[in-house]
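K.L.:
I am sharing run_22.txt, which consists of compact mmCIF, C-alpha atoms and all ligand atoms:
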```
# COMPACT_ATOMS: atom_id res chain seq x y z
CA MET A 24 -125.19 -54.36 -105.24
CA THR A 25 -121.85 -54.33 -107.03
CA GLY A 26 -119.00 -52.11 -105.82
CA GLY A 27 -120.45 -51.89 -102.30
CA ALA A 28 -116.99 -51.91 -100.68
CA GLY A 29 -116.07 -48.77 -102.63
CA PHE A 30 -116.35 -45.15 -101.56
CA ILE A 31 -119.86 -44.39 -102.87
CA GLY A 32 -121.11 -47.99 -102.63
CA SER A 33 -120.40 -48.25 -98.91
CA HIS A 34 -122.59 -45.18 -98.24
CA LEU A 35 -125.35 -46.70 -100.36
CA VAL A 36 -125.11 -49.94 -98.35
CA ASP A 37 -125.67 -47.95 -95.14
CA ALA A 38 -128.69 -46.15 -96.64
CA LEU A 39 -130.28 -49.40 -97.87
CA LEU A 40 -129.78 -51.07 -94.49
CA ASP A 41 -131.33 -47.99 -92.82
CA GLU A 42 -134.38 -48.53 -95.04
CA GLY A 43 -134.59 -52.09 -93.71
CA ARG A 44 -133.47 -53.70 -96.99
CA GLU A 45 -131.42 -56.87 -97.20
CA VAL A 46 -128.14 -56.12 -98.96
CA VAL A 47 -125.80 -58.44 -100.82
CA VAL A 48 -122.52 -56.80 -101.82
CA ILE A 49 -120.50 -58.11 -104.76
CA ASP A 50 -117.02 -56.61 -104.92
CA ASP A 51 -113.59 -57.94 -105.89
CA LEU A 52 -111.82 -55.40 -103.63
CA THR A 53 -109.64 -54.00 -106.44
CA SER A 54 -110.10 -50.51 -105.04
CA GLY A 55 -112.66 -51.25 -102.32
CA ASP A 56 -112.17 -52.13 -98.67
CA ALA A 57 -114.36 -54.73 -96.93
CA ARG A 58 -113.79 -52.96 -93.59
CA ARG A 59 -116.17 -50.25 -94.85
CA LEU A 60 -119.02 -52.77 -94.76
CA PRO A 61 -121.29 -53.23 -91.75
CA THR A 62 -121.80 -56.84 -90.63
CA GLU A 63 -125.51 -56.65 -91.57
CA ALA A 64 -124.57 -56.65 -95.27
CA ARG A 65 -123.67 -59.99 -96.84
CA PHE A 66 -120.35 -59.71 -98.64
CA GLU A 67 -119.28 -61.84 -101.61
CA GLN A 68 -115.80 -61.30 -103.00
CA VAL A 69 -116.55 -61.83 -106.67
CA ASP A 70 -115.15 -60.29 -109.86
CA ILE A 71 -118.03 -59.22 -112.12
CA THR A 72 -116.09 -60.42 -115.16
CA ASP A 73 -116.34 -63.96 -113.72
CA ARG A 74 -119.79 -64.70 -115.07
CA ALA A 75 -120.28 -68.09 -113.39
CA ALA A 76 -119.35 -66.74 -109.94
CA LEU A 77 -121.54 -63.66 -110.43
CA ASP A 78 -124.51 -65.75 -111.57
CA ARG A 79 -124.19 -68.06 -108.57
CA VAL A 80 -124.39 -65.14 -106.10
CA VAL A 81 -127.15 -63.26 -107.94
CA ASP A 82 -129.29 -66.36 -108.47
CA GLU A 83 -129.04 -67.19 -104.79
CA ALA A 84 -129.83 -63.60 -103.73
CA ARG A 85 -132.78 -63.23 -106.16
CA PRO A 86 -132.63 -59.39 -105.98
CA ASP A 87 -135.62 -57.11 -106.51
CA ALA A 88 -133.30 -54.21 -107.37
CA VAL A 89 -129.67 -53.97 -108.45
CA PHE A 90 -127.27 -51.06 -107.95
CA HIS A 91 -124.27 -51.52 -110.24
CA LEU A 92 -121.40 -49.39 -108.94
CA GLY A 93 -118.59 -51.93 -109.34
CA ALA A 94 -116.18 -50.57 -111.92
CA GLN A 95 -112.65 -50.07 -113.00
CA SER A 96 -112.87 -46.47 -111.76
CA SER A 97 -109.41 -45.08 -112.55
CA VAL A 98 -108.82 -42.98 -115.68
CA THR A 99 -105.07 -43.70 -115.45
CA VAL A 100 -105.57 -47.47 -115.32
CA SER A 101 -107.95 -47.18 -118.27
CA VAL A 102 -105.08 -45.66 -120.27
CA THR A 103 -102.43 -48.19 -119.17
CA ASP A 104 -104.75 -51.22 -119.37
CA PRO A 105 -107.72 -50.43 -121.65
CA GLN A 106 -108.46 -54.15 -122.11
CA ARG A 107 -109.08 -54.64 -118.40
CA ASP A 108 -111.07 -51.38 -118.26
CA CYS A 109 -113.28 -52.63 -121.09
CA ALA A 110 -113.61 -56.13 -119.60
CA VAL A 111 -114.88 -54.76 -116.26
CA ASN A 112 -116.88 -51.71 -117.34
CA VAL A 113 -118.43 -53.18 -120.50
CA GLY A 114 -118.27 -56.99 -120.15
CA GLY A 115 -118.91 -56.86 -116.40
CA THR A 116 -121.87 -54.53 -116.93
CA LEU A 117 -123.35 -56.94 -119.49
CA ASN A 118 -122.93 -59.81 -117.01
CA VAL A 119 -124.72 -57.79 -114.31
CA LEU A 120 -127.54 -56.85 -116.71
CA GLU A 121 -128.14 -60.46 -117.71
CA ALA A 122 -128.08 -61.70 -114.13
CA ALA A 123 -130.46 -58.91 -112.98
CA GLY A 124 -132.74 -59.56 -115.96
CA ARG A 125 -133.29 -63.19 -114.93
CA HIS A 126 -134.88 -61.88 -111.72
CA GLY A 127 -136.77 -58.96 -113.30
CA ALA A 128 -134.63 -56.54 -111.25
CA PRO A 129 -134.17 -52.95 -112.46
CA VAL A 130 -130.53 -51.80 -112.55
CA VAL A 131 -129.11 -48.41 -111.57
CA PHE A 132 -125.77 -47.89 -113.31
CA THR A 133 -123.28 -45.25 -112.14
CA SER A 134 -121.74 -43.57 -115.15
CA THR A 135 -119.61 -40.45 -115.31
CA GLY A 136 -120.54 -36.90 -116.17
CA GLY A 137 -116.98 -35.60 -115.88
CA ALA A 138 -115.30 -38.06 -118.25
CA LEU A 139 -118.09 -38.36 -120.81
CA TYR A 140 -118.97 -35.01 -122.31
CA GLY A 141 -115.50 -33.84 -123.41
CA ASN A 142 -114.00 -30.36 -123.73
CA ALA A 143 -116.38 -28.76 -126.22
CA ALA A 144 -119.63 -29.33 -124.29
CA PRO A 145 -121.72 -26.31 -123.28
CA ILE A 146 -121.65 -25.59 -119.52
CA PRO A 147 -123.70 -26.74 -117.67
CA THR A 148 -124.01 -29.85 -119.83
CA ARG A 149 -127.35 -31.57 -120.39
CA GLU A 150 -127.87 -35.29 -120.85
CA ASP A 151 -128.77 -34.93 -124.53
CA ARG A 152 -125.27 -33.71 -125.41
CA ILE A 153 -123.58 -36.42 -127.54
CA PRO A 154 -120.70 -37.81 -125.48
CA ALA A 155 -117.12 -37.20 -126.63
CA PRO A 156 -114.99 -39.05 -124.07
CA VAL A 157 -111.28 -38.28 -123.93
CA SER A 158 -110.20 -41.45 -122.07
CA PRO A 159 -110.83 -45.21 -122.36
CA TYR A 160 -112.67 -44.94 -119.01
CA GLY A 161 -115.15 -42.46 -120.56
CA ALA A 162 -115.53 -44.73 -123.58
CA SER A 163 -116.16 -47.86 -121.49
CA LYS A 164 -118.73 -46.08 -119.32
CA TRP A 165 -120.50 -44.84 -122.46
CA ALA A 166 -120.52 -48.38 -123.86
CA GLY A 167 -121.87 -49.65 -120.53
CA GLU A 168 -124.64 -47.05 -120.77
CA ALA A 169 -125.52 -48.26 -124.26
CA TYR A 170 -126.01 -51.81 -122.95
CA ILE A 171 -128.11 -50.51 -120.06
CA ARG A 172 -130.43 -48.64 -122.44
CA THR A 173 -130.56 -51.45 -125.01
CA TRP A 174 -131.37 -54.06 -122.35
CA ALA A 175 -134.01 -51.75 -120.84
CA GLU A 176 -135.71 -51.49 -124.24
CA ALA A 177 -135.40 -55.18 -125.05
CA GLY A 178 -136.33 -56.53 -121.63
CA GLY A 179 -138.91 -53.91 -120.68
CA LEU A 180 -137.15 -53.25 -117.38
CA PRO A 181 -136.72 -49.66 -116.10
CA HIS A 182 -132.93 -49.49 -115.92
CA ALA A 183 -131.42 -46.10 -115.02
CA VAL A 184 -128.10 -44.43 -115.79
CA CYS A 185 -126.82 -41.87 -113.29
CA ARG A 186 -124.01 -39.67 -114.61
CA LEU A 187 -122.23 -38.48 -111.50
CA GLY A 188 -120.33 -35.23 -111.07
CA ASN A 189 -117.19 -35.11 -108.89
CA VAL A 190 -118.29 -36.94 -105.77
CA TYR A 191 -116.69 -36.13 -102.41
CA GLY A 192 -117.33 -37.12 -98.81
CA PRO A 193 -116.20 -39.30 -95.91
CA ARG A 194 -114.42 -42.58 -96.76
CA GLN A 195 -112.98 -41.30 -100.03
CA SER A 196 -109.43 -42.54 -100.45
CA PRO A 197 -106.71 -39.87 -100.48
CA HIS A 198 -104.49 -42.21 -102.49
CA GLY A 199 -106.50 -42.23 -105.71
CA GLU A 200 -105.89 -40.01 -108.73
CA ALA A 201 -109.13 -38.04 -108.31
CA GLY A 202 -111.00 -37.00 -105.20
CA VAL A 203 -109.27 -33.69 -104.53
CA VAL A 204 -111.09 -33.13 -101.23
CA ALA A 205 -109.56 -36.32 -99.80
CA ILE A 206 -106.16 -35.73 -101.43
CA PHE A 207 -105.87 -32.11 -100.23
CA THR A 208 -107.06 -33.05 -96.73
CA TYR A 209 -104.42 -35.76 -96.49
CA LYS A 210 -101.68 -33.45 -97.72
CA LEU A 211 -102.70 -30.62 -95.38
CA GLU A 212 -102.85 -32.97 -92.41
CA SER A 213 -99.42 -34.36 -93.16
CA GLY A 214 -97.97 -30.86 -93.71
CA GLN A 215 -97.29 -31.40 -97.42
CA ALA A 216 -98.00 -28.88 -100.19
CA PRO A 217 -100.56 -30.23 -102.66
CA GLN A 218 -100.16 -29.68 -106.37
CA LEU A 219 -102.81 -27.51 -108.02
CA TYR A 220 -103.07 -28.84 -111.56
CA GLY A 221 -103.96 -26.31 -114.22
CA HIS A 222 -102.84 -23.71 -111.66
CA GLY A 223 -106.07 -24.31 -109.76
CA ARG A 224 -108.24 -22.94 -112.56
CA PRO A 225 -110.04 -26.09 -113.84
CA THR A 226 -113.63 -26.25 -112.69
CA ARG A 227 -115.65 -29.24 -111.56
CA ASP A 228 -119.15 -29.97 -110.30
CA TYR A 229 -118.63 -31.20 -106.73
CA VAL A 230 -121.48 -33.21 -105.23
CA HIS A 231 -121.61 -34.69 -101.74
CA VAL A 232 -121.82 -38.49 -101.48
CA SER A 233 -125.00 -38.39 -99.36
CA ASP A 234 -126.75 -36.40 -102.11
CA VAL A 235 -125.55 -38.97 -104.66
CA VAL A 236 -126.90 -41.84 -102.54
CA ALA A 237 -130.30 -40.10 -102.37
CA ALA A 238 -130.33 -39.81 -106.18
CA LEU A 239 -129.40 -43.47 -106.70
CA LEU A 240 -132.25 -44.58 -104.43
CA LEU A 241 -134.73 -42.36 -106.31
CA ALA A 242 -133.47 -43.62 -109.68
CA SER A 243 -134.13 -47.28 -108.84
CA GLY A 244 -137.00 -48.45 -111.04
CA ARG A 245 -136.96 -45.26 -113.16
CA ALA A 246 -135.80 -45.64 -116.76
CA GLY A 247 -133.61 -42.89 -118.16
CA VAL A 248 -130.30 -41.07 -118.05
CA PHE A 249 -129.83 -38.54 -115.26
CA ASN A 250 -127.03 -36.11 -114.42
CA VAL A 251 -126.43 -36.30 -110.67
CA ALA A 252 -124.64 -33.07 -109.84
CA THR A 253 -125.22 -29.55 -108.54
CA GLY A 254 -125.03 -27.43 -111.71
CA VAL A 255 -122.48 -25.24 -109.86
CA GLU A 256 -119.03 -24.80 -111.35
CA THR A 257 -116.23 -24.55 -108.78
CA PRO A 258 -112.51 -24.03 -109.47
CA VAL A 259 -110.25 -26.52 -107.74
CA SER A 260 -108.43 -23.59 -106.07
CA ARG A 261 -111.66 -22.84 -104.15
CA ILE A 262 -111.69 -26.39 -102.75
CA PHE A 263 -108.12 -25.90 -101.60
CA GLU A 264 -108.98 -22.58 -99.92
CA LEU A 265 -111.94 -24.10 -98.07
CA LEU A 266 -109.84 -27.01 -96.82
CA ARG A 267 -106.92 -24.80 -95.83
CA GLU A 268 -109.34 -22.65 -93.79
CA ALA A 269 -110.76 -25.78 -92.16
CA SER A 270 -107.26 -27.02 -91.31
CA GLY A 271 -105.99 -23.69 -89.98
CA ARG A 272 -102.63 -24.47 -91.61
CA GLN A 273 -100.64 -22.03 -93.71
CA VAL A 274 -99.61 -24.43 -96.48
CA GLU A 275 -99.02 -22.94 -99.94
CA PRO A 276 -100.06 -25.11 -102.90
CA VAL A 277 -97.66 -25.86 -105.76
CA PRO A 278 -99.04 -24.75 -109.17
CA ALA A 279 -98.66 -27.42 -111.87
CA PRO A 280 -99.74 -27.76 -115.52
CA LEU A 281 -102.99 -29.53 -116.36
CA ARG A 282 -102.46 -33.29 -116.71
CA VAL A 283 -103.00 -34.96 -120.10
CA GLY A 284 -106.64 -35.90 -120.63
CA GLU A 285 -107.98 -33.55 -117.95
CA LEU A 286 -110.77 -31.16 -118.83
CA GLU A 287 -110.61 -27.40 -118.30
CA ARG A 288 -114.24 -27.22 -117.27
CA SER A 289 -116.91 -29.64 -116.17
CA CYS A 290 -120.37 -28.87 -114.83
CA LEU A 291 -123.59 -30.84 -115.34
CA ASP A 292 -127.16 -29.60 -115.65
CA PRO A 293 -129.18 -31.50 -113.03
CA SER A 294 -132.65 -30.27 -114.09
CA ARG A 295 -133.81 -33.62 -115.47
CA ALA A 296 -133.12 -35.37 -112.13
CA ARG A 297 -135.01 -32.55 -110.40
CA ASP A 298 -138.02 -32.72 -112.76
CA GLU A 299 -138.27 -36.50 -113.17
CA LEU A 300 -136.87 -37.88 -109.90
CA GLY A 301 -137.69 -34.98 -107.57
CA TRP A 302 -134.00 -34.86 -106.60
CA THR A 303 -131.75 -31.91 -105.92
CA ALA A 304 -128.39 -31.73 -104.19
CA ARG A 305 -129.01 -30.37 -100.69
CA ILE A 306 -125.58 -30.02 -99.13
CA PRO A 307 -123.93 -26.64 -99.82
CA LEU A 308 -120.30 -27.02 -100.92
CA GLU A 309 -118.87 -25.03 -97.99
CA ASP A 310 -120.70 -27.18 -95.39
CA GLY A 311 -119.97 -30.42 -97.21
CA VAL A 312 -116.26 -29.72 -97.61
CA ARG A 313 -115.84 -28.65 -93.95
CA SER A 314 -117.69 -31.67 -92.54
CA THR A 315 -115.81 -33.99 -94.91
CA TYR A 316 -112.52 -32.50 -93.74
CA ARG A 317 -113.38 -33.34 -90.11
CA ALA A 318 -114.57 -36.85 -90.98
CA LEU A 319 -111.49 -37.64 -93.09
CA VAL A 320 -109.06 -36.36 -90.45
CA SER A 321 -110.60 -38.70 -87.92
CA GLU A 322 -110.52 -41.59 -90.44
CA PHE A 323 -106.82 -40.96 -91.14
CA ALA A 324 -106.10 -40.95 -87.40
CA THR A 325 -107.95 -44.26 -86.96
CA ALA A 326 -106.13 -45.78 -89.94
CA ALA A 327 -102.76 -44.64 -88.54
CA GLY A 328 -103.70 -46.20 -85.17
CA ASP A 329 -104.65 -49.48 -86.90
CA GLY A 330 -101.49 -49.54 -89.00
N1 LIG A 401 -116.22 -40.86 -107.30
C1 LIG A 401 -116.64 -40.15 -108.33
O1 LIG A 401 -116.47 -38.92 -108.34
C2 LIG A 401 -117.36 -40.80 -109.48
C3 LIG A 401 -117.76 -39.98 -110.56
C4 LIG A 401 -118.42 -40.57 -111.64
C5 LIG A 401 -118.72 -41.92 -111.63
N2 LIG A 401 -118.32 -42.70 -110.58
C6 LIG A 401 -118.67 -44.13 -110.62
O2 LIG A 401 -119.33 -44.47 -109.41
C7 LIG A 401 -119.00 -45.82 -109.06
C8 LIG A 401 -118.42 -45.88 -107.67
O3 LIG A 401 -117.26 -45.05 -107.63
P1 LIG A 401 -116.35 -44.86 -106.35
O4 LIG A 401 -115.83 -43.47 -106.37
O5 LIG A 401 -117.05 -45.37 -105.16
O6 LIG A 401 -115.13 -45.80 -106.76
P2 LIG A 401 -114.44 -47.00 -105.99
O7 LIG A 401 -113.24 -47.38 -106.80
O8 LIG A 401 -114.25 -46.65 -104.54
O9 LIG A 401 -115.56 -48.15 -106.08
C9 LIG A 401 -115.61 -49.10 -107.12
C10 LIG A 401 -115.77 -50.46 -106.48
O10 LIG A 401 -115.86 -51.46 -107.51
C11 LIG A 401 -115.04 -52.55 -107.13
N3 LIG A 401 -114.63 -53.27 -108.33
C12 LIG A 401 -113.70 -52.90 -109.25
N4 LIG A 401 -113.58 -53.84 -110.21
C13 LIG A 401 -114.45 -54.82 -109.88
C14 LIG A 401 -114.77 -56.09 -110.48
N5 LIG A 401 -114.16 -56.51 -111.61
N6 LIG A 401 -115.69 -56.87 -109.88
C15 LIG A 401 -116.30 -56.47 -108.73
N7 LIG A 401 -116.04 -55.29 -108.12
C16 LIG A 401 -115.13 -54.48 -108.70
C17 LIG A 401 -113.88 -51.95 -106.37
O11 LIG A 401 -113.19 -52.88 -105.55
C18 LIG A 401 -114.57 -50.83 -105.59
O12 LIG A 401 -115.02 -51.30 -104.34
C19 LIG A 401 -118.06 -46.34 -110.14
O13 LIG A 401 -118.84 -47.01 -111.10
C20 LIG A 401 -117.47 -45.07 -110.72
O14 LIG A 401 -117.04 -45.27 -112.06
C21 LIG A 401 -117.65 -42.18 -109.51
```
What would you get if you wrote out this structure as structure tokens?
P.N.:
Amino acid sequence: MTGGAGFIGSHLVDALLDEGREVVVIDDLTSGDARRLPTEARFEQVDITDRAALDRVVDEARPDAVFHLGAQSSVTVSVTDPQRDCAVNVGGTLNVLEAAGRHGAPVVFTSTGGALYGNAAPIPTREDRIPAPVSPYGASKWAGEAYIRTWAEAGGLPHAVCRLGNVYGPRQSPHGEAGVVAIFTYKLESGQAPQLYGHGRPTRDYVHVSDVVAALLLASGRAGVFNVATGVETPVSRIFELLREASGRQVEPVPAPLRVGELERSCLDPSRARDELGWTARIPLEDGVRSTYRALVSEFATAAGDG
């Protein structure tokens, strides 16, 4: 697996180990943290753009399935350094595809629903909508998808693309640009007022990381493109309200204009994943946000103790 030291990847590692699978994690730790990894997983600190190093690890591991989550995952970095974004998300994806192909291993690629469909897409958006990305990150993920599909056709391997909604859950970093559940939790816990961009009105499709992991496992060995989301549109102000309730603190948010490149609305139609993979998101938003709040607060306390 690539990106296994990241937020979503580390949960997938746990699930694969629970299934009794052997797991080899490839991650360069750009945004990941090796402390998230249990000792049962083998960890190789490798940059997927370094083809020779990647090939060495993959050829030794001889995988029967590959989960490719390793990515330049920041929209902001994609704007400031589009070359690096392209090198990792397009070139790195091609390297992973070629290495997996030598072992006949199907690849599951995590793409984005939120950054791909653009502002004019009907809500909820289906997979057959032609992408109109508004950032280099959206463009590089779309290009990565194209390689996945082309290599699936050419090599006869059932590679899958999962277009994720806004994923939240334990272990999400509060210091990234996205991940409002983690960011708001951190702010509330440290008594700071979070900014509500777009005055809290923009909507997103929030999906719990454990539901995402279940979808990725089901997608392995299944060719196609699948939205992995709830189909429910939630304003960001609602996320803040839920977290403020969970915290019991009377913090008032600071309204702020929508940031450049951010969408007003985003919500994905998950019916194809339901019909073809038998997957649906199971964790209701209210439960997921409350339990994530508790988990993150305890993680922050542990991190503060360590630091
Ligand atoms: N979190 C979300 O809401 C969301 C939504 C849509 C898509 N995705 C996609 O899901 C995947 C996982 O996202 P995440 O939220 O866990 O992000 P993350 O940043 O926590 O994980 C990405 C991992 O990839 C690693 N990585 C980065 N560049 C690398 C390179 N050159 N070589 C090897 N490893 C490299 C990072 O160190 C990190 O561990 C990514 O592909 C991301 O684009 C995430």
K.L.:
Ligand LIG 401 (chain A): which residues are within 7 Å, counting all atoms listed in the file, as number ranges by chain?
P.N.:
A: 25-32, 49-56, 69-72, 92-96, 111, 115, 133-137, 186-191, 202
K.L.:
Would you mind exporting C-alpha atoms of the selected residues as a CSV table (one decimal), in the coordinates of the input?
P.N.:
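And here's again-v8.csv as it stands now:
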```csv
chain,number,residue,atom,x,y,z
A,25,THR,CA,-121.8,-54.3,-107.0
A,26,GLY,CA,-119.0,-52.1,-105.8
A,27,GLY,CA,-120.4,-51.9,-102.3
A,28,ALA,CA,-117.0,-51.9,-100.7
A,29,GLY,CA,-116.1,-48.8,-102.6
A,30,PHE,CA,-116.4,-45.2,-101.6
A,31,ILE,CA,-119.9,-44.4,-102.9
A,32,GLY,CA,-121.1,-48.0,-102.6
A,49,ILE,CA,-120.5,-58.1,-104.8
A,50,ASP,CA,-117.0,-56.6,-104.9
A,51,ASP,CA,-113.6,-57.9,-105.9
A,52,LEU,CA,-111.8,-55.4,-103.6
A,53,THR,CA,-109.6,-54.0,-106.4
A,54,SER,CA,-110.1,-50.5,-105.0
A,55,GLY,CA,-112.7,-51.2,-102.3
A,56,ASP,CA,-112.2,-52.1,-98.7
A,69,VAL,CA,-116.6,-61.8,-106.7
A,70,ASP,CA,-115.2,-60.3,-109.9
A,71,ILE,CA,-118.0,-59.2,-112.1
A,72,THR,CA,-116.1,-60.4,-115.2
A,92,LEU,CA,-121.4,-49.4,-108.9
A,93,GLY,CA,-118.6,-51.9,-109.3
A,94,ALA,CA,-116.2,-50.6,-111.9
A,95,GLN,CA,-112.6,-50.1,-113.0
A,96,SER,CA,-112.9,-46.5,-111.8
A,111,VAL,CA,-114.9,-54.8,-116.3
A,115,GLY,CA,-118.9,-56.9,-116.4
A,133,THR,CA,-123.3,-45.2,-112.1
A,134,SER,CA,-121.7,-43.6,-115.2
A,135,THR,CA,-119.6,-40.4,-115.3
A,136,GLY,CA,-120.5,-36.9,-116.2
A,137,GLY,CA,-117.0,-35.6,-115.9
A,186,ARG,CA,-124.0,-39.7,-114.6
A,187,LEU,CA,-122.2,-38.5,-111.5
A,188,GLY,CA,-120.3,-35.2,-111.1
A,189,ASN,CA,-117.2,-35.1,-108.9
A,190,VAL,CA,-118.3,-36.9,-105.8
A,191,TYR,CA,-116.7,-36.1,-102.4
A,202,GLY,CA,-111.0,-37.0,-105.2
```
K.L.:
Go ahead and compute the interatomic distance for atom CA of A:Ser158 and atom CA of A:Gln68, in Å to one decimal.
P.N.:
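Distance reported for this atom pair: 28.1 Å.
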K.L.:
Rank A:Pro86, A:Gly161, A:Tyr140, A:Val230 by their smallest atom-to-atom distance to A:Pro105, using all atoms listed in the file, and report the top residue only.
P.N.:
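Residue with the minimum atom-to-atom distance to A:Pro105: A:Gly161.
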K.L.:
Given all atoms listed in the file as the basis, pick out the residue of A:Thr303, A:Thr208, A:Ser289, A:Thr226 nearest to A:Leu241.
P.N.:
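Counting all atoms listed in the file, the residue closest to A:Leu241 is A:Thr303.
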K.L.:
Just the number, please: distance in Å from atom CA of A:Glu45 to atom CA of A:Val232, one decimal.
P.N.:
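Atom-to-atom, atom CA of A:Glu45 to atom CA of A:Val232, that is 21.2 Å.
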K.L.:
Using all atoms listed in the file, which residues sit within 12 Å of A:Arg272 once same-chain residues fewer than 2 positions away are excluded, as a PDB file with C-alpha atoms, in the frame of the given file?
P.N.:
```
ATOM      1  CA  PHE A 207    -105.870 -32.110-100.230  1.00  0.00           C
ATOM      2  CA  THR A 208    -107.060 -33.050 -96.730  1.00  0.00           C
ATOM      3  CA  LYS A 210    -101.680 -33.450 -97.720  1.00  0.00           C
ATOM      4  CA  LEU A 211    -102.700 -30.620 -95.380  1.00  0.00           C
ATOM      5  CA  GLU A 212    -102.850 -32.970 -92.410  1.00  0.00           C
ATOM      6  CA  SER A 213     -99.420 -34.360 -93.160  1.00  0.00           C
ATOM      7  CA  GLY A 214     -97.970 -30.860 -93.710  1.00  0.00           C
ATOM      8  CA  GLN A 215     -97.290 -31.400 -97.420  1.00  0.00           C
ATOM      9  CA  ALA A 216     -98.000 -28.880-100.190  1.00  0.00           C
ATOM     10  CA  PHE A 263    -108.120 -25.900-101.600  1.00  0.00           C
ATOM     11  CA  GLU A 264    -108.980 -22.580 -99.920  1.00  0.00           C
ATOM     12  CA  LEU A 265    -111.940 -24.100 -98.070  1.00  0.00           C
ATOM     13  CA  LEU A 266    -109.840 -27.010 -96.820  1.00  0.00           C
ATOM     14  CA  ARG A 267    -106.920 -24.800 -95.830  1.00  0.00           C
ATOM     15  CA  GLU A 268    -109.340 -22.650 -93.790  1.00  0.00           C
ATOM     16  CA  ALA A 269    -110.760 -25.780 -92.160  1.00  0.00           C
ATOM     17  CA  SER A 270    -107.260 -27.020 -91.310  1.00  0.00           C
ATOM     18  CA  VAL A 274     -99.610 -24.430 -96.480  1.00  0.00           C
ATOM     19  CA  GLU A 275     -99.020 -22.940 -99.940  1.00  0.00           C
ATOM     20  CA  PRO A 276    -100.060 -25.110-102.900  1.00  0.00           C
TER      21      PRO A 276
END
```
K.L.:
Out of A:Glu309, A:Asp82, A:Glu168, A:Glu322, which residue has the shortest atom-to-atom distance to A:Val47 when counting only C-alpha atoms?
P.N.:
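Checking each of A:Glu309, A:Asp82, A:Glu168, A:Glu322 against A:Val47, counting only C-alpha atoms, the winner is A:Asp82.
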K.L.:
With all atoms listed in the file as the atoms that count, which of A:His182, A:Lys164, A:Arg79, A:Arg65 lies nearest to A:Val98?
P.N.:
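For A:Val98, the nearest of the given residues is A:Lys164.
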